[in-house]
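A.B. asks: Sharing protein00.pdb, PDB, C-alpha atoms and all ligand atoms:
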ATOM      1  CA  MET A   1     -41.589   4.688 -36.633
ATOM      2  CA  THR A   2     -44.021   7.523 -36.141
ATOM      3  CA  THR A   3     -43.597  10.988 -37.567
ATOM      4  CA  LYS A   4     -45.046  14.230 -36.377
ATOM      5  CA  LEU A   5     -46.947  16.113 -39.031
ATOM      6  CA  LYS A   6     -47.858  19.737 -39.070
ATOM      7  CA  LEU A   7     -51.493  20.743 -39.238
ATOM      8  CA  GLY A   8     -50.782  22.107 -42.713
ATOM      9  CA  ASP A   9     -49.499  18.664 -43.791
ATOM     10  CA  VAL A  10     -52.704  17.093 -42.485
ATOM     11  CA  ALA A  11     -54.730  19.537 -44.567
ATOM     12  CA  ARG A  12     -52.664  18.823 -47.679
ATOM     13  CA  LEU A  13     -52.715  15.028 -47.285
ATOM     14  CA  THR A  14     -56.477  14.866 -46.877
ATOM     15  CA  ASN A  15     -57.215  17.673 -49.297
ATOM     16  CA  ALA A  16     -59.024  19.433 -46.480
ATOM     17  CA  GLU A  17     -60.393  22.924 -46.289
ATOM     18  CA  LEU A  18     -59.339  24.992 -43.287
ATOM     19  CA  LEU A  19     -62.321  26.585 -41.532
ATOM     20  CA  ALA A  20     -60.526  27.943 -38.468
ATOM     21  CA  GLY A  21     -56.955  28.146 -37.244
ATOM     22  CA  GLU A  22     -54.859  29.758 -40.009
ATOM     23  CA  GLU A  23     -52.327  30.625 -37.322
ATOM     24  CA  ALA A  24     -51.933  26.952 -36.371
ATOM     25  CA  LEU A  25     -50.863  25.526 -39.753
ATOM     26  CA  ASP A  26     -47.287  25.203 -38.529
ATOM     27  CA  PHE A  27     -48.212  23.540 -35.231
ATOM     28  CA  GLU A  28     -47.208  19.965 -34.758
ATOM     29  CA  ILE A  29     -49.797  17.212 -34.545
ATOM     30  CA  THR A  30     -48.459  14.687 -32.056
ATOM     31  CA  GLN A  31     -50.890  11.807 -32.640
ATOM     32  CA  ALA A  32     -54.347  11.166 -34.025
ATOM     33  CA  CYS A  33     -57.553   9.655 -32.756
ATOM     34  CA  ALA A  34     -60.591   8.749 -34.864
ATOM     35  CA  ALA A  35     -63.974   8.494 -33.158
ATOM     36  CA  ASP A  36     -67.549   9.671 -33.173
ATOM     37  CA  LEU A  37     -68.119   8.672 -29.585
ATOM     38  CA  LEU A  38     -66.934  11.578 -27.459
ATOM     39  CA  SER A  39     -66.876   9.374 -24.361
ATOM     40  CA  ASP A  40     -64.110   7.366 -26.038
ATOM     41  CA  VAL A  41     -62.135  10.452 -26.990
ATOM     42  CA  LEU A  42     -62.228  11.664 -23.404
ATOM     43  CA  ALA A  43     -60.987   8.337 -22.111
ATOM     44  CA  LEU A  44     -58.294   7.888 -24.752
ATOM     45  CA  VAL A  45     -56.536  11.192 -25.327
ATOM     46  CA  GLN A  46     -53.808  11.967 -22.809
ATOM     47  CA  ASP A  47     -51.518  14.398 -24.562
ATOM     48  CA  GLU A  48     -51.869  17.876 -25.949
ATOM     49  CA  GLY A  49     -51.787  18.435 -29.692
ATOM     50  CA  VAL A  50     -53.747  15.346 -30.764
ATOM     51  CA  LEU A  51     -55.766  15.497 -33.990
ATOM     52  CA  LEU A  52     -59.343  14.235 -33.706
ATOM     53  CA  VAL A  53     -60.771  12.767 -36.910
ATOM     54  CA  THR A  54     -64.531  12.657 -36.496
ATOM     55  CA  GLY A  55     -67.923  12.609 -38.129
ATOM     56  CA  SER A  56     -69.586  14.139 -35.080
ATOM     57  CA  LEU A  57     -70.954  17.658 -35.371
ATOM     58  CA  ALA A  58     -72.306  17.744 -31.810
ATOM     59  CA  PRO A  59     -71.571  21.127 -30.206
ATOM     60  CA  GLN A  60     -69.769  19.265 -27.422
ATOM     61  CA  VAL A  61     -67.070  18.200 -29.856
ATOM     62  CA  LEU A  62     -65.630  21.706 -29.556
ATOM     63  CA  ARG A  63     -65.754  21.641 -25.774
ATOM     64  CA  VAL A  64     -63.974  18.314 -25.796
ATOM     65  CA  ALA A  65     -61.352  19.808 -28.108
ATOM     66  CA  GLU A  66     -60.848  22.722 -25.725
ATOM     67  CA  VAL A  67     -60.655  20.642 -22.605
ATOM     68  CA  LEU A  68     -58.196  18.148 -24.099
ATOM     69  CA  GLY A  69     -56.075  20.786 -25.825
ATOM     70  CA  LEU A  70     -56.533  19.028 -29.157
ATOM     71  CA  GLY A  71     -54.273  20.099 -32.008
ATOM     72  CA  GLY A  72     -57.212  20.174 -34.398
ATOM     73  CA  LEU A  73     -60.549  18.737 -35.451
ATOM     74  CA  LEU A  74     -60.847  17.123 -38.855
ATOM     75  CA  PHE A  75     -64.419  16.498 -39.994
ATOM     76  CA  VAL A  76     -64.811  13.723 -42.551
ATOM     77  CA  ARG A  77     -67.179  13.114 -45.466
ATOM     78  CA  GLY A  78     -67.708  16.820 -45.991
ATOM     79  CA  LYS A  79     -69.474  17.310 -42.673
ATOM     80  CA  ARG A  80     -69.416  21.019 -42.261
ATOM     81  CA  PRO A  81     -69.741  22.693 -38.859
ATOM     82  CA  THR A  82     -72.107  25.645 -38.598
ATOM     83  CA  GLU A  83     -70.777  29.191 -38.811
ATOM     84  CA  ALA A  84     -71.491  29.521 -35.070
ATOM     85  CA  MET A  85     -69.244  26.539 -34.384
ATOM     86  CA  CYS A  86     -66.503  28.010 -36.575
ATOM     87  CA  ALA A  87     -66.740  31.328 -34.746
ATOM     88  CA  TYR A  88     -66.531  29.572 -31.402
ATOM     89  CA  ALA A  89     -63.544  27.564 -32.607
ATOM     90  CA  ARG A  90     -61.718  30.715 -33.683
ATOM     91  CA  GLN A  91     -62.073  32.409 -30.312
ATOM     92  CA  ALA A  92     -61.138  29.183 -28.498
ATOM     93  CA  SER A  93     -58.161  28.624 -30.863
ATOM     94  CA  VAL A  94     -59.320  25.189 -31.983
ATOM     95  CA  PRO A  95     -58.313  24.592 -35.621
ATOM     96  CA  LEU A  96     -61.098  23.126 -37.792
ATOM     97  CA  LEU A  97     -60.664  21.230 -41.043
ATOM     98  CA  VAL A  98     -63.153  19.526 -43.325
ATOM     99  CA  THR A  99     -62.334  16.836 -45.888
ATOM    100  CA  GLU A 100     -64.472  15.043 -48.457
ATOM    101  CA  LEU A 101     -62.658  11.769 -47.687
ATOM    102  CA  SER A 102     -64.345   9.119 -45.554
ATOM    103  CA  MET A 103     -63.154   8.310 -42.061
ATOM    104  CA  PHE A 104     -61.378   5.212 -43.373
ATOM    105  CA  GLU A 105     -59.631   7.038 -46.210
ATOM    106  CA  THR A 106     -58.652   9.932 -43.968
ATOM    107  CA  CYS A 107     -57.080   7.668 -41.372
ATOM    108  CA  GLY A 108     -55.341   5.668 -44.086
ATOM    109  CA  ALA A 109     -53.826   8.766 -45.654
ATOM    110  CA  LEU A 110     -52.474  10.040 -42.338
ATOM    111  CA  TYR A 111     -51.333   6.647 -41.109
ATOM    112  CA  CYS A 112     -49.338   6.069 -44.301
ATOM    113  CA  GLU A 113     -47.440   9.282 -43.616
ATOM    114  CA  GLY A 114     -46.429   7.903 -40.250
ATOM    115  CA  LEU A 115     -48.851   9.671 -37.920
ATOM    116  CA  GLY A 116     -49.287   7.558 -34.785
ATOM    117  CA  GLY A 117     -52.456   6.752 -32.878
ATOM    118  CA  ALA A 118     -53.311   8.258 -29.515
ATOM    119  CA  ARG A 119     -52.938   5.649 -26.852
ATOM    120  CA  ARG A 120     -54.017   5.746 -23.282
ATOM    121  CA  LYS A 121     -51.106   5.683 -20.879
ATOM    122  CA  ARG A 122     -51.170   3.434 -17.896
ATOM    123  CA  PHE A 123     -52.793   4.864 -14.827
ATOM    124  CA  PRO A 124     -51.672   3.799 -11.375
ATOM    125  CA  LYS A 125     -55.106   2.274 -10.821
ATOM    126  CA  ASP A 126     -54.953   0.094 -13.957
ATOM    127  CA  TYR A 127     -52.750  -2.522 -12.340
ATOM    128  CA  PRO A 128     -53.020  -2.098  -8.597
ATOM    129  CA  ASP A 129     -50.844  -5.187  -8.027
ATOM    130  CA  ASP A 130     -47.668  -3.854  -9.578
ATOM    131  CA  ALA A 131     -48.068  -0.182  -8.670
ATOM    132  CA  SER A 132     -44.588   0.903  -7.694
TER     133      SER A 132
ATOM    134  CA  MET B 133     -53.950  13.893   7.103
ATOM    135  CA  PRO B 134     -51.526  16.826   7.206
ATOM    136  CA  PRO B 135     -53.074  20.264   7.761
ATOM    137  CA  LYS B 136     -54.487  21.604   4.542
ATOM    138  CA  GLU B 137     -52.860  24.628   3.053
ATOM    139  CA  LYS B 138     -54.794  27.808   2.712
ATOM    140  CA  LEU B 139     -57.027  28.348  -0.282
ATOM    141  CA  LEU B 140     -55.745  30.459  -3.113
ATOM    142  CA  HIS B 141     -58.871  30.451  -5.193
ATOM    143  CA  ARG B 142     -62.527  29.483  -4.942
ATOM    144  CA  ARG B 143     -65.081  29.722  -7.680
ATOM    145  CA  VAL B 144     -68.690  28.553  -7.981
ATOM    146  CA  PHE B 145     -70.325  27.672 -11.294
ATOM    147  CA  ILE B 146     -74.110  27.267 -11.366
ATOM    148  CA  LEU B 147     -75.526  24.687 -13.776
ATOM    149  CA  LEU B 148     -79.103  25.364 -14.792
ATOM    150  CA  PRO B 149     -81.295  22.459 -15.825
ATOM    151  CA  GLY B 150     -81.982  21.717 -19.472
ATOM    152  CA  ASN B 151     -79.149  23.812 -20.801
ATOM    153  CA  LEU B 152     -77.777  21.371 -23.337
ATOM    154  CA  GLU B 153     -76.085  23.833 -25.644
ATOM    155  CA  GLN B 154     -74.004  25.046 -22.719
ATOM    156  CA  ALA B 155     -73.212  21.605 -21.321
ATOM    157  CA  GLY B 156     -69.466  21.262 -21.117
ATOM    158  CA  SER B 157     -68.623  24.956 -21.002
ATOM    159  CA  VAL B 158     -67.595  25.104 -17.339
ATOM    160  CA  SER B 159     -64.667  22.798 -18.025
ATOM    161  CA  GLY B 160     -63.241  25.347 -20.465
ATOM    162  CA  ASP B 161     -63.524  28.070 -17.806
ATOM    163  CA  VAL B 162     -61.932  25.812 -15.202
ATOM    164  CA  ARG B 163     -59.087  25.063 -17.561
ATOM    165  CA  ARG B 164     -58.455  28.760 -18.249
ATOM    166  CA  GLU B 165     -58.568  29.670 -14.551
ATOM    167  CA  LEU B 166     -56.122  26.929 -13.619
ATOM    168  CA  VAL B 167     -53.742  28.029 -16.359
ATOM    169  CA  ALA B 168     -53.980  31.639 -15.145
ATOM    170  CA  LEU B 169     -53.163  30.507 -11.606
ATOM    171  CA  GLY B 170     -50.063  28.712 -12.829
ATOM    172  CA  VAL B 171     -51.266  25.219 -11.930
ATOM    173  CA  GLU B 172     -49.172  22.359 -13.364
ATOM    174  CA  GLN B 173     -50.122  21.455 -16.933
ATOM    175  CA  ASP B 174     -50.809  17.830 -16.098
ATOM    176  CA  ILE B 175     -53.347  18.817 -13.444
ATOM    177  CA  VAL B 176     -54.944  21.395 -15.733
ATOM    178  CA  ARG B 177     -55.610  18.666 -18.266
ATOM    179  CA  ARG B 178     -56.813  16.062 -15.804
ATOM    180  CA  ALA B 179     -59.045  18.515 -13.929
ATOM    181  CA  GLY B 180     -60.498  19.733 -17.225
ATOM    182  CA  VAL B 181     -61.464  16.212 -18.231
ATOM    183  CA  VAL B 182     -62.922  15.373 -14.806
ATOM    184  CA  CYS B 183     -64.871  18.611 -14.846
ATOM    185  CA  PHE B 184     -66.257  17.870 -18.287
ATOM    186  CA  GLU B 185     -67.395  14.369 -17.310
ATOM    187  CA  GLY B 186     -68.986  15.612 -14.080
ATOM    188  CA  GLU B 187     -70.633  18.489 -15.862
ATOM    189  CA  MET B 188     -72.085  16.252 -18.574
ATOM    190  CA  ASN B 189     -73.466  13.899 -15.931
ATOM    191  CA  ILE B 190     -75.178  16.778 -14.148
ATOM    192  CA  ALA B 191     -76.644  17.917 -17.483
ATOM    193  CA  MET B 192     -77.756  14.409 -18.458
ATOM    194  CA  TYR B 193     -79.120  13.034 -15.211
ATOM    195  CA  SER B 194     -80.017  15.829 -12.804
ATOM    196  CA  GLU B 195     -82.246  18.860 -12.454
ATOM    197  CA  GLY B 196     -79.312  21.208 -12.144
ATOM    198  CA  GLY B 197     -76.559  21.802  -9.655
ATOM    199  CA  ARG B 198     -73.214  23.450  -9.243
ATOM    200  CA  ILE B 199     -69.494  22.936  -9.503
ATOM    201  CA  ILE B 200     -67.064  24.458  -7.036
ATOM    202  CA  LEU B 201     -63.414  24.837  -7.961
ATOM    203  CA  LEU B 202     -60.932  25.094  -5.107
ATOM    204  CA  VAL B 203     -57.245  25.750  -5.571
ATOM    205  CA  ALA B 204     -54.642  25.570  -2.814
ATOM    206  CA  ASP B 205     -50.857  25.255  -2.834
ATOM    207  CA  ASP B 206     -51.041  21.535  -2.287
ATOM    208  CA  ARG B 207     -54.143  20.552  -4.254
ATOM    209  CA  VAL B 208     -56.945  21.343  -6.661
ATOM    210  CA  GLU B 209     -60.477  20.174  -5.874
ATOM    211  CA  LEU B 210     -63.666  19.979  -7.875
ATOM    212  CA  LEU B 211     -66.944  19.568  -6.004
ATOM    213  CA  PHE B 212     -69.977  18.589  -8.042
ATOM    214  CA  SER B 213     -73.417  18.652  -6.475
ATOM    215  CA  ASP B 214     -76.825  18.278  -8.028
ATOM    216  CA  ARG B 215     -80.504  17.945  -7.239
ATOM    217  CA  GLY B 216     -81.924  14.905  -8.933
ATOM    218  CA  PRO B 217     -82.707  11.221  -8.805
ATOM    219  CA  GLY B 218     -79.427  10.229  -7.174
ATOM    220  CA  ILE B 219     -77.466   7.088  -8.033
ATOM    221  CA  PRO B 220     -79.186   3.927  -6.733
ATOM    222  CA  ASP B 221     -76.079   1.744  -6.928
ATOM    223  CA  ILE B 222     -72.765   3.586  -6.840
ATOM    224  CA  GLU B 223     -70.679   0.431  -7.374
ATOM    225  CA  LEU B 224     -72.626  -0.256 -10.560
ATOM    226  CA  ALA B 225     -72.249   3.347 -11.755
ATOM    227  CA  ARG B 226     -68.470   3.013 -11.322
ATOM    228  CA  THR B 227     -68.372  -0.043 -13.583
ATOM    229  CA  PRO B 228     -66.995   0.740 -17.068
ATOM    230  CA  GLY B 229     -69.764   0.376 -19.619
ATOM    231  CA  TYR B 230     -72.716   0.843 -17.275
ATOM    232  CA  SER B 231     -74.981   3.608 -18.556
ATOM    233  CA  THR B 232     -78.572   4.757 -18.347
ATOM    234  CA  ALA B 233     -77.938   7.692 -20.712
ATOM    235  CA  PRO B 234     -81.014   8.973 -22.573
ATOM    236  CA  ASP B 235     -81.192   8.730 -26.370
ATOM    237  CA  TRP B 236     -80.452  12.408 -26.930
ATOM    238  CA  ALA B 237     -77.185  12.022 -25.039
ATOM    239  CA  ARG B 238     -76.219   8.977 -27.097
ATOM    240  CA  GLU B 239     -76.885  10.961 -30.257
ATOM    241  CA  LEU B 240     -74.396  13.564 -29.046
ATOM    242  CA  GLY B 241     -71.765  10.846 -28.592
ATOM    243  CA  PHE B 242     -72.148  10.170 -24.870
ATOM    244  CA  GLY B 243     -73.440   7.227 -22.905
ATOM    245  CA  ALA B 244     -70.518   4.818 -23.113
ATOM    246  CA  GLY B 245     -70.556   4.402 -19.355
ATOM    247  CA  MET B 246     -66.971   5.645 -19.193
ATOM    248  CA  GLY B 247     -67.466   8.964 -17.408
ATOM    249  CA  ILE B 248     -67.172   7.955 -13.776
ATOM    250  CA  PRO B 249     -64.375   5.419 -14.456
ATOM    251  CA  ASN B 250     -62.508   8.161 -16.322
ATOM    252  CA  MET B 251     -63.043  10.594 -13.421
ATOM    253  CA  GLU B 252     -61.526   8.000 -11.098
ATOM    254  CA  HIS B 253     -58.550   7.466 -13.389
ATOM    255  CA  GLN B 254     -57.828  11.131 -13.891
ATOM    256  CA  SER B 255     -58.114  12.271 -10.275
ATOM    257  CA  ASP B 256     -55.987  11.314  -7.301
ATOM    258  CA  ARG B 257     -59.077  10.732  -5.225
ATOM    259  CA  LEU B 258     -62.771  10.553  -6.081
ATOM    260  CA  GLU B 259     -65.560  10.379  -3.515
ATOM    261  CA  ILE B 260     -69.169   9.819  -4.516
ATOM    262  CA  ARG B 261     -72.133  10.279  -2.224
ATOM    263  CA  SER B 262     -75.708  10.092  -3.351
ATOM    264  CA  ARG B 263     -79.193  10.200  -1.911
ATOM    265  CA  LEU B 264     -82.114   8.700  -3.824
ATOM    266  CA  GLU B 265     -84.586  11.349  -4.955
ATOM    267  CA  GLY B 266     -82.215  13.890  -3.440
ATOM    268  CA  GLY B 267     -79.087  14.266  -5.491
ATOM    269  CA  THR B 268     -75.441  13.412  -5.904
ATOM    270  CA  VAL B 269     -72.228  14.919  -4.581
ATOM    271  CA  ILE B 270     -68.846  14.076  -6.086
ATOM    272  CA  ARG B 271     -65.499  15.330  -4.821
ATOM    273  CA  ALA B 272     -62.407  15.040  -6.988
ATOM    274  CA  VAL B 273     -58.966  15.834  -5.568
ATOM    275  CA  PHE B 274     -55.749  16.453  -7.518
ATOM    276  CA  ARG B 275     -52.542  16.603  -5.508
ATOM    277  CA  ARG B 276     -50.039  19.247  -6.525
ATOM    278  CA  GLY B 277     -46.305  19.389  -6.260
ATOM    279  CA  ARG B 278     -45.486  15.828  -7.139
ATOM    280  CA  GLY B 279     -43.185  16.782 -10.006
TER     281      GLY B 279
HETATM  282  N1  LIG A 301     -75.260  13.088 -11.272
HETATM  283  C1  LIG A 301     -75.879  11.912 -11.481
HETATM  284  N2  LIG A 301     -77.155  11.720 -11.044
HETATM  285  C2  LIG A 301     -77.784  10.539 -11.237
HETATM  286  N3  LIG A 301     -77.234   9.469 -11.873
HETATM  287  C3  LIG A 301     -75.962   9.602 -12.331
HETATM  288  C4  LIG A 301     -75.223  10.821 -12.164
HETATM  289  N4  LIG A 301     -73.996  10.644 -12.703
HETATM  290  C5  LIG A 301     -73.968   9.385 -13.188
HETATM  291  N5  LIG A 301     -75.140   8.750 -12.974
HETATM  292  C6  LIG A 301     -75.470   7.344 -13.322
HETATM  293  O1  LIG A 301     -74.261   6.608 -13.455
HETATM  294  C7  LIG A 301     -74.167   6.049 -14.783
HETATM  295  C8  LIG A 301     -72.726   5.988 -15.199
HETATM  296  O2  LIG A 301     -72.201   7.304 -15.383
HETATM  297  P1  LIG A 301     -70.937   7.530 -16.334
HETATM  298  O3  LIG A 301     -70.641   8.986 -16.376
HETATM  299  O4  LIG A 301     -69.860   6.609 -15.896
HETATM  300  O5  LIG A 301     -71.435   7.022 -17.751
HETATM  301  P2  LIG A 301     -72.483   7.709 -18.762
HETATM  302  O6  LIG A 301     -72.737   9.119 -18.344
HETATM  303  O7  LIG A 301     -73.672   6.826 -18.825
HETATM  304  O8  LIG A 301     -71.703   7.652 -20.149
HETATM  305  P3  LIG A 301     -70.419   8.560 -20.550
HETATM  306  O9  LIG A 301     -70.011   9.323 -19.338
HETATM  307  O10 LIG A 301     -69.390   7.590 -21.003
HETATM  308  O11 LIG A 301     -70.895   9.444 -21.639
HETATM  309  C9  LIG A 301     -75.052   6.928 -15.619
HETATM  310  O12 LIG A 301     -75.508   6.295 -16.813
HETATM  311  C10 LIG A 301     -76.192   7.235 -14.647
HETATM  312  O13 LIG A 301     -77.091   6.135 -14.564
HETATM  313 MG    MG A 302     -71.093  10.418 -17.982
END
So, in terms of structure tokens, how does the structure I just supplied come out?
Ligand SMILES: Nc1ncnc2c1ncn2[C@@H]1O[C@H](COP(=O)(O)OP(=O)(O)OP(=O)(O)O)[C@@H](O)[C@H]1O
Ligand SMILES: [Mg+2]
C.D. replies:
Amino acid sequence: MTTKLKLGDVARLTNAELLAGEEALDFEITQACAADLLSDVLALVQDEGVLLVTGSLAPQVLRVAEVLGLGGLLFVRGKRPTEAMCAYARQASVPLLVTELSMFETCGALYCEGLGGARRKRFPKDYPDDAS
Amino acid sequence: MPPKEKLLHRRVFILLPGNLEQAGSVSGDVRRELVALGVEQDIVRRAGVVCFEGEMNIAMYSEGGRIILLVADDRVELLFSDRGPGIPDIELARTPGYSTAPDWARELGFGAGMGIPNMEHQSDRLEIRSRLEGGTVIRAVFRRGRG
């Protein structure tokens, strides 16, 4: 059984500080994905509204969030984006959160509340033999 | 092939070399333009991802280039072209996990060798042409109106 949490629940469960996206606290988080490798995030996330749990502060993390329509970015271990990144996130409507918890603890806390993992759907080209 | 329907929208984005901070920004613009044109949500997402991967490759491997966005009633196309070293072995570049990404790109979280495979997955058709010491041209097609 997986539950959908609101962004505000995610913030509460991980004791996170909200840096951008006050207006999104009531939005539903559909699934979560934890990664530092942006290549993986791009290959994995298929739905809108996914939460990315990450330790990456690369500027491209925001572009990835925009392009995938992520439901929010949660930075772990107190990794704090720059004010410029926060400003960019606000105008692009990408909610930003920062927690002191580690990646492992963050995922554990959210998983225990029933948040499901993002999973890549099958593409027609995955199994050319049984494409119907 | 059936006659192509007339273009609704054409837009050219120039990618200057060595502009790392900006790398990835065209995909956001493409996404917004497709939304404004009322393109299906599924295509908006897939085209955004393909654009991002193509844009990052141009930033990582070439000396600059451009991306052309075409929108018609029956399809969306992204055309990537760059001046640069070209791809010596296209089959190899299409293999998941193959990467020659520089260290700075790996530090940013890229270089898994998943970009081109992901572009192939997300588009309905992907054509790659490349000339050594010349550059690379990639065409991605998304078919519209399939429900
Ligand atoms: N425009 C290009 N010009 C020259 N070589 C390219 C170009 N695009 C891709 N390549 C070559 O093809 C390889 C595979 O590209 P691909 O996008 O699949 O993976 P990557 O860029 O290495 O890693 P990722 O995309 O997962 O971050 C690259 O490492 C590079 O050697
Ligand atoms: Mg790539």
A.B. asks: Edge lengths and centre, in Å to one decimal, as lines of an AutoDock Vina configuration file: that's what I need for the box along x, y and z that holds all listed atoms of ligand LIG 301 (chain A) plus 6 Å on each side.
C.D. replies:
center_x = -73.6
center_y = 9.5
center_z = -16.3
size_x = 20.4
size_y = 19.1
size_z = 22.6
A.B. asks: Go through B:Ile222, B:Leu147, B:Leu169, B:Ala179 one by one, measure the shortest atom-to-atom distance of each to ligand LIG 301 (chain A) using all atoms listed in the file, and give the residue with the smallest value.
C.D. replies: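 Closest residue, counting all atoms listed in the file: B:Ile222.
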A.B. asks: Just checking: using all atoms listed in the file, which residue out of B:Val158, B:Glu259, B:Met251, B:Ala191 ends up closest to Ala233 (chain B)?
C.D. replies: B:Ala191
A.B. asks: With a cut-off of 9 Å and counting all atoms listed in the file, select all residues of chain B in contact with chain A and give the selection as a PyMOL selection string.
C.D. replies: chain B and resi 153-157+159-160+163+176-178+180-181+184-185+238-247+249-250+252-254
A.B. asks: Using all atoms listed in the file, can you tell me which of B:Leu139, B:Val269, B:Ile248, B:Glu195 comes closest to Leu224 (chain B)?
C.D. replies: B:Ile248
A.B. asks: List the spatial neighbours of Arg142 (chain B) as a ChimeraX atom specification - criterion: any atom at most 9 Å away, all atoms listed in the file, same-chain residues fewer than 4 positions off excluded.
C.D. replies: /B:200-203
A.B. asks: Under the PyMOL selection byres (((chain A and resi 6) around 8) and not hetatm), which residues of this model are included? Write them out as a PyMOL selection string.
C.D. replies: chain A and resi 4-5+7-10+25-29
A.B. asks: Once the PyMOL selection byres (((chain A and resi 117) around 7) and not hetatm) has been evaluated on this model, what residues remain selected, and can you format them as a PyMOL selection string?
C.D. replies: chain A and resi 31-33+115-116+118-119
A.B. asks: Using all atoms listed in the file, determine which residues lie at most 6 Å from Gly71 (chain A), disregarding the query and same-chain residues fewer than 2 positions distant; provide the list as a list of chain:residue names.
C.D. replies: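 The residues that qualify are A:Ile29, A:Gly49, A:Val50, A:Leu51.
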A.B. asks: Show which residues sit within 9 Å of Asp214 (chain B), as a PyMOL selection string. Count all atoms listed in the file, and ignore same-chain residues fewer than 2 positions away.
C.D. replies: chain B and resi 147+190+194-199+212+216+218+266-269
A.B. asks: Just how far from CA of Gly186 (chain B) is atom N1 of ligand LIG 301 (chain A), in Å to one decimal?
C.D. replies: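 Between atom N1 of ligand LIG 301 (chain A) and CA of Gly186 (chain B) the gap is 7.3 Å.
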A.B. asks: Provide the CA of Val167 (chain B) to CA of Gln91 (chain A) distance in Å, to one decimal place.
C.D. replies: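 Separation between CA of Val167 (chain B) and CA of Gln91 (chain A): 16.8 Å.
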A.B. asks: Pull out every residue that the PyMOL selection byres (((chain A and resi 86) around 12) and not hetatm) matches in the shown coordinates and put them as an NGL selection string.
C.D. replies: :A and (18-21 or 57 or 59 or 61-62 or 73 or 80-85 or 87-98)
A.B. asks: Report, in Å to a single decimal, how far apart CA of Asp221 (chain B) and CA of Asp235 (chain B) are.
C.D. replies: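 A separation of 21.3 Å between them.
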A.B. asks: Under the rule that all atoms listed in the file are counted, which of B:Arg226, B:Lys138, B:Arg271, B:Arg261 is the nearest residue to ligand MG 302 (chain A)?
C.D. replies: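 Going through B:Arg226, B:Lys138, B:Arg271, B:Arg261 one by one, the smallest distance to ligand MG 302 (chain A) is for B:Arg226.
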A.B. asks: Which residue, B:Leu264, B:Met188, B:Leu210, B:Leu258, has the smallest gap to ligand MG 302 (chain A) when you use all atoms listed in the file?
C.D. replies: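 When distances to ligand MG 302 (chain A) are compared using all atoms listed in the file, the smallest one comes from B:Met188.
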A.B. asks: Compare B:Ala225, B:Val208, B:Leu148, B:Ala237 by their minimum atom-to-atom distance to Ile260 (chain B), counting only C-alpha atoms, and give me the closest one.
C.D. replies: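 Closest residue, counting only C-alpha atoms: B:Ala225.
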